[in-house]
file upload.cif (mmCIF, C-alpha atoms and all ligand atoms)
data_input
loop_
_atom_site.label_atom_id
_atom_site.label_comp_id
_atom_site.auth_asym_id
_atom_site.auth_seq_id
_atom_site.Cartn_x
_atom_site.Cartn_y
_atom_site.Cartn_z
CA MET A 1 75.61 84.93 104.40
CA SER A 2 78.84 83.47 105.72
CA GLN A 3 78.93 82.32 109.30
CA GLU A 4 82.60 83.10 109.50
CA GLY A 5 83.39 85.49 112.30
CA SER A 6 80.43 84.48 114.43
CA THR A 7 81.04 80.78 115.07
CA PRO A 8 83.62 80.03 117.74
CA VAL A 9 86.92 78.65 116.51
CA VAL A 10 88.10 75.91 118.81
CA ILE A 11 91.13 73.62 118.71
CA ALA A 12 90.23 70.33 120.36
CA ASP A 13 93.82 69.22 120.99
CA PRO A 14 96.38 72.02 120.65
CA ILE A 15 99.43 69.77 121.10
CA ARG A 16 98.26 67.48 118.33
CA PHE A 17 97.51 70.53 116.18
CA ALA A 18 101.16 71.56 116.65
CA ARG A 19 102.62 68.10 116.02
CA ASP A 20 100.56 67.73 112.84
CA ALA A 21 101.75 71.17 111.70
CA ARG A 22 98.20 72.22 110.98
CA VAL A 23 97.19 75.68 109.87
CA LEU A 24 93.99 77.55 110.60
CA ARG A 25 93.09 81.00 109.40
CA GLY A 26 90.14 83.27 109.69
CA GLN A 27 88.82 86.75 110.09
CA VAL A 28 87.11 88.22 113.11
CA ALA A 29 85.16 91.46 113.43
CA VAL A 30 86.74 93.84 115.95
CA GLY A 31 83.33 94.08 117.62
CA ARG A 32 83.65 90.45 118.66
CA LEU A 33 86.84 91.16 120.59
CA GLY A 34 84.93 92.31 123.65
CA ARG A 35 87.88 92.67 125.98
CA LEU A 36 89.36 95.32 123.69
CA ALA A 37 86.29 97.53 123.90
CA ASP A 38 87.68 99.89 126.59
CA GLN A 39 90.66 100.78 124.41
CA LEU A 40 88.77 101.33 121.20
CA PHE A 41 87.31 104.50 119.75
CA ASP A 42 84.91 102.34 117.81
CA ALA A 43 84.69 98.69 116.90
CA SER A 44 85.03 99.16 113.15
CA GLY A 45 87.10 96.85 111.02
CA SER A 46 88.25 93.30 111.32
CA VAL A 47 91.37 91.32 112.10
CA ALA A 48 92.73 88.57 109.85
CA TRP A 49 94.58 85.85 111.73
CA GLU A 50 96.55 82.71 111.03
CA LEU A 51 97.48 80.03 113.51
CA THR A 52 100.24 77.59 112.58
CA GLY A 53 101.17 74.48 114.52
CA GLN A 54 104.83 73.65 114.84
CA ALA A 55 106.93 71.03 116.55
CA GLY A 56 110.44 72.41 116.29
CA GLU A 57 113.80 70.68 116.27
CA ASP A 58 113.59 70.52 120.05
CA ARG A 59 110.31 68.62 119.55
CA LYS A 60 108.43 71.11 121.68
CA PRO A 61 104.95 71.91 120.39
CA ARG A 62 104.33 75.53 119.56
CA LEU A 63 101.70 77.72 118.01
CA LEU A 64 102.58 80.66 115.81
CA LEU A 65 99.87 83.29 115.84
CA ALA A 66 99.95 86.02 113.23
CA ALA A 67 97.30 88.72 112.92
CA ASN A 68 96.83 91.82 110.81
CA GLY A 69 94.26 94.55 110.76
CA THR A 70 93.54 98.12 111.74
CA LEU A 71 92.13 99.01 115.13
CA ARG A 72 90.50 102.35 115.91
CA LEU A 73 92.07 103.31 119.20
CA ARG A 74 91.29 106.42 121.24
CA CYS A 75 93.98 109.07 121.10
CA GLN A 76 95.01 109.90 124.68
CA ARG A 77 95.57 113.56 123.81
CA CYS A 78 92.54 114.64 121.78
CA LEU A 79 90.30 111.60 122.52
CA GLY A 80 89.67 111.25 118.79
CA GLY A 81 89.86 108.09 116.72
CA LEU A 82 93.30 106.86 115.81
CA ASP A 83 93.95 104.15 113.23
CA TRP A 84 96.48 101.74 114.65
CA PRO A 85 97.94 99.06 112.40
CA LEU A 86 97.97 95.71 114.12
CA ALA A 87 100.76 93.40 112.99
CA LEU A 88 101.03 90.58 115.45
CA SER A 89 103.40 87.66 115.36
CA SER A 90 103.55 85.55 118.52
CA ARG A 91 105.34 82.33 119.33
CA LEU A 92 103.49 80.35 121.95
CA LEU A 93 104.99 77.31 123.64
CA LEU A 94 102.36 74.75 124.55
CA VAL A 95 102.73 73.35 128.03
CA PRO A 96 100.64 70.27 128.85
CA VAL A 97 97.90 70.87 131.40
CA GLY A 98 99.10 70.27 134.95
CA GLN A 99 102.75 70.63 134.01
CA GLU A 100 104.71 73.53 135.39
CA ILE A 101 106.12 76.06 132.98
CA PRO A 102 109.90 75.65 133.02
CA GLU A 103 111.67 78.68 134.45
CA GLU A 104 113.81 79.25 131.38
CA GLU A 105 110.63 79.60 129.31
CA LEU A 106 109.32 82.33 131.62
CA GLU A 107 112.49 84.32 131.04
CA ASP A 108 112.35 83.83 127.29
CA ASP A 109 111.26 87.03 125.58
CA GLU A 110 110.99 85.35 122.20
CA GLN A 111 107.98 83.31 123.16
CA ASP A 112 105.22 82.98 125.73
CA ALA A 113 104.22 79.74 127.35
CA ILE A 114 100.54 78.86 127.47
CA GLU A 115 98.65 75.95 128.87
CA ALA A 116 97.59 73.51 126.16
CA ALA A 117 94.04 73.19 127.40
CA ALA A 118 91.61 71.13 125.35
CA ASP A 119 89.13 73.06 123.21
CA MET A 120 91.32 76.12 123.01
CA ASP A 121 89.36 79.19 121.95
CA VAL A 122 91.35 80.85 119.17
CA VAL A 123 89.53 84.19 119.38
CA ALA A 124 90.20 84.41 123.14
CA LEU A 125 93.86 83.66 122.44
CA LEU A 126 93.90 86.34 119.76
CA GLU A 127 92.37 88.81 122.23
CA ASP A 128 95.07 88.00 124.81
CA GLU A 129 97.84 88.61 122.32
CA ILE A 130 96.32 91.83 120.95
CA LEU A 131 95.89 93.21 124.48
CA LEU A 132 99.60 92.57 125.10
CA ALA A 133 100.53 94.30 121.85
CA LEU A 134 98.42 97.46 122.27
CA PRO A 135 100.28 100.70 122.97
CA ILE A 136 99.83 101.96 126.54
CA ALA A 137 99.04 105.55 125.56
CA PRO A 138 98.20 105.78 121.86
CA ARG A 139 98.47 109.28 120.38
CA HIS A 140 98.31 110.91 117.00
CA ASP A 141 101.69 112.12 115.79
CA GLU A 142 100.07 115.53 115.52
CA CYS A 143 96.71 116.57 116.85
CA ASP A 144 94.87 119.44 118.45
CA VAL A 145 93.55 119.31 121.94
CA PRO A 146 89.83 120.00 121.51
CA ARG A 147 88.86 123.58 122.19
CA PRO A 148 85.88 124.44 124.39
CA GLU A 149 83.88 125.99 121.52
CA GLY A 150 82.74 123.26 119.14
CA GLY A 151 83.89 119.68 119.45
CA ASP A 152 85.17 119.51 115.90
CA SER A 153 88.83 118.67 115.89
CA LYS A 154 89.17 119.59 112.22
CA LYS A 155 90.45 123.03 111.46
CA SER A 156 88.10 125.23 109.48
CA PRO A 157 89.35 126.03 105.98
CA PHE A 158 89.55 129.71 106.96
CA ALA A 159 91.83 128.98 109.89
CA VAL A 160 94.09 126.94 107.62
CA LEU A 161 94.18 129.83 105.10
CA ALA A 162 94.95 132.36 107.81
CA GLY A 163 97.73 130.12 109.03
CA LEU A 164 99.20 129.88 105.55
CA LYS A 165 99.11 133.67 105.11
CA ALA A 166 100.71 134.25 108.49
CA GLY A 167 103.37 131.65 107.81
CA ALA A 168 104.25 132.91 104.31
CA GLY A 169 104.89 136.53 105.36
CA PRO A 170 105.57 139.44 103.00
CA ARG A 171 108.55 139.21 100.68
ZN ZN B 1 94.89 113.00 118.87
#
call {"tool": "encode", "arguments": {"input": "upload.cif", "output": "structure tokens"}}
result
Amino acid sequence: MSQEGSTPVVIADPIRFARDARVLRGQVAVGRLGRLADQLFDASGSVAWELTGQAGEDRKPRLLLAANGTLRLRCQRCLGGLDWPLALSSRLLLVPVGQEIPEEELEDDEQDAIEAAADMDVVALLEDEILLALPIAPRHDECDVPRPEGGDSKKSPFAVLAGLKAGAGPR
């Protein structure tokens, strides 16, 4: 069996990673993203990610983090499971440890500044970025508030039929 998804992914020197334009990719089970647990209906599925190092024309080291997957969030209306497509694309400016983040970077909406600490944990970084991207109050486009009798949110086929008859009306 593959160890992928259970071994920690660590970047020893993030600034060097950026300057060398290295690329790392992997896949992580949603269950491993522990800080997301409160927002999830269940921990099914996995997230595919790709981290690209970049030293732009301004010679500033950056990481580009892209991630895709489907998370099962909890609908805030019916409390049921809600498939939410994750499509993350973050630009992260690497600031050397001990250096202050320049003010203009804090005001920049296009990118976030992060400390370029040694042995950077990629999964923790991924968790940070997913938490920022999650909707505050996820809801189905259409859903029923659960009724007191029976917790099943699905309509019975008879109710659907009755609804169709009522809606069609006599001609
Ligand atoms: Zn719902």
call {"tool": "closest_residue", "arguments": {"input": "upload.cif", "among": "A:Ala21, A:Leu64, A:Asp144, A:Ala37", "to": "Ala113 in chain A", "atoms": "all atoms listed in the file"}}
result
A:Leu64
call {"tool": "residues_near_ligand", "arguments": {"input": "upload.cif", "ligand": "ligand ZN 1 (chain B)", "cutoff": "9 Å", "atoms": "all atoms listed in the file", "output": "tab-separated table (two decimals) with C-alpha atoms, in the coordinates of the input"}}
result
chain	number	residue	atom	x	y	z
A	74	ARG	CA	91.29	106.42	121.24
A	75	CYS	CA	93.98	109.07	121.10
A	76	GLN	CA	95.01	109.90	124.68
A	77	ARG	CA	95.57	113.56	123.81
A	78	CYS	CA	92.54	114.64	121.78
A	79	LEU	CA	90.30	111.60	122.52
A	80	GLY	CA	89.67	111.25	118.79
A	81	GLY	CA	89.86	108.09	116.72
A	82	LEU	CA	93.30	106.86	115.81
A	138	PRO	CA	98.20	105.78	121.86
A	139	ARG	CA	98.47	109.28	120.38
A	140	HIS	CA	98.31	110.91	117.00
A	141	ASP	CA	101.69	112.12	115.79
A	142	GLU	CA	100.07	115.53	115.52
A	143	CYS	CA	96.71	116.57	116.85
A	144	ASP	CA	94.87	119.44	118.45
A	145	VAL	CA	93.55	119.31	121.94
A	153	SER	CA	88.83	118.67	115.89
call {"tool": "residues_around", "arguments": {"input": "upload.cif", "residues": "range 84-94 of chain A", "least_positions_apart": "5", "cutoff": "9 Å", "atoms": "all atoms listed in the file", "output": "PyMOL selection string"}}
result
chain A and resi 14-15+18+47+49+60-73+105+110-117+129-130+133-134+138
call {"tool": "axis_aligned_box", "arguments": {"input": "upload.cif", "around": "range 60-76 of chain A", "padding_each_side": "5 Å", "output": "lines of an AutoDock Vina configuration file"}}
result
center_x = 99.5
center_y = 90.5
center_z = 117.7
size_x = 27.9
size_y = 48.8
size_z = 23.9
call {"tool": "residues_around", "arguments": {"input": "upload.cif", "residues": "Arg32 in chain A", "least_positions_apart": "2", "cutoff": "10 Å", "atoms": "all atoms listed in the file", "output": "MDAnalysis selection string"}}
result
chainID A and resid 5:6 28:30 34:37 43 46 123:124 127
call {"tool": "atom_distance", "arguments": {"input": "upload.cif", "atom1": "CA of Leu131 in chain A", "atom2": "CA of Gly31 in chain A"}}
result
14.3 Å
call {"tool": "atom_distance", "arguments": {"input": "upload.cif", "atom1": "CA of Asp20 in chain A", "atom2": "CA of Asp128 in chain A"}}
result
24.2 Å
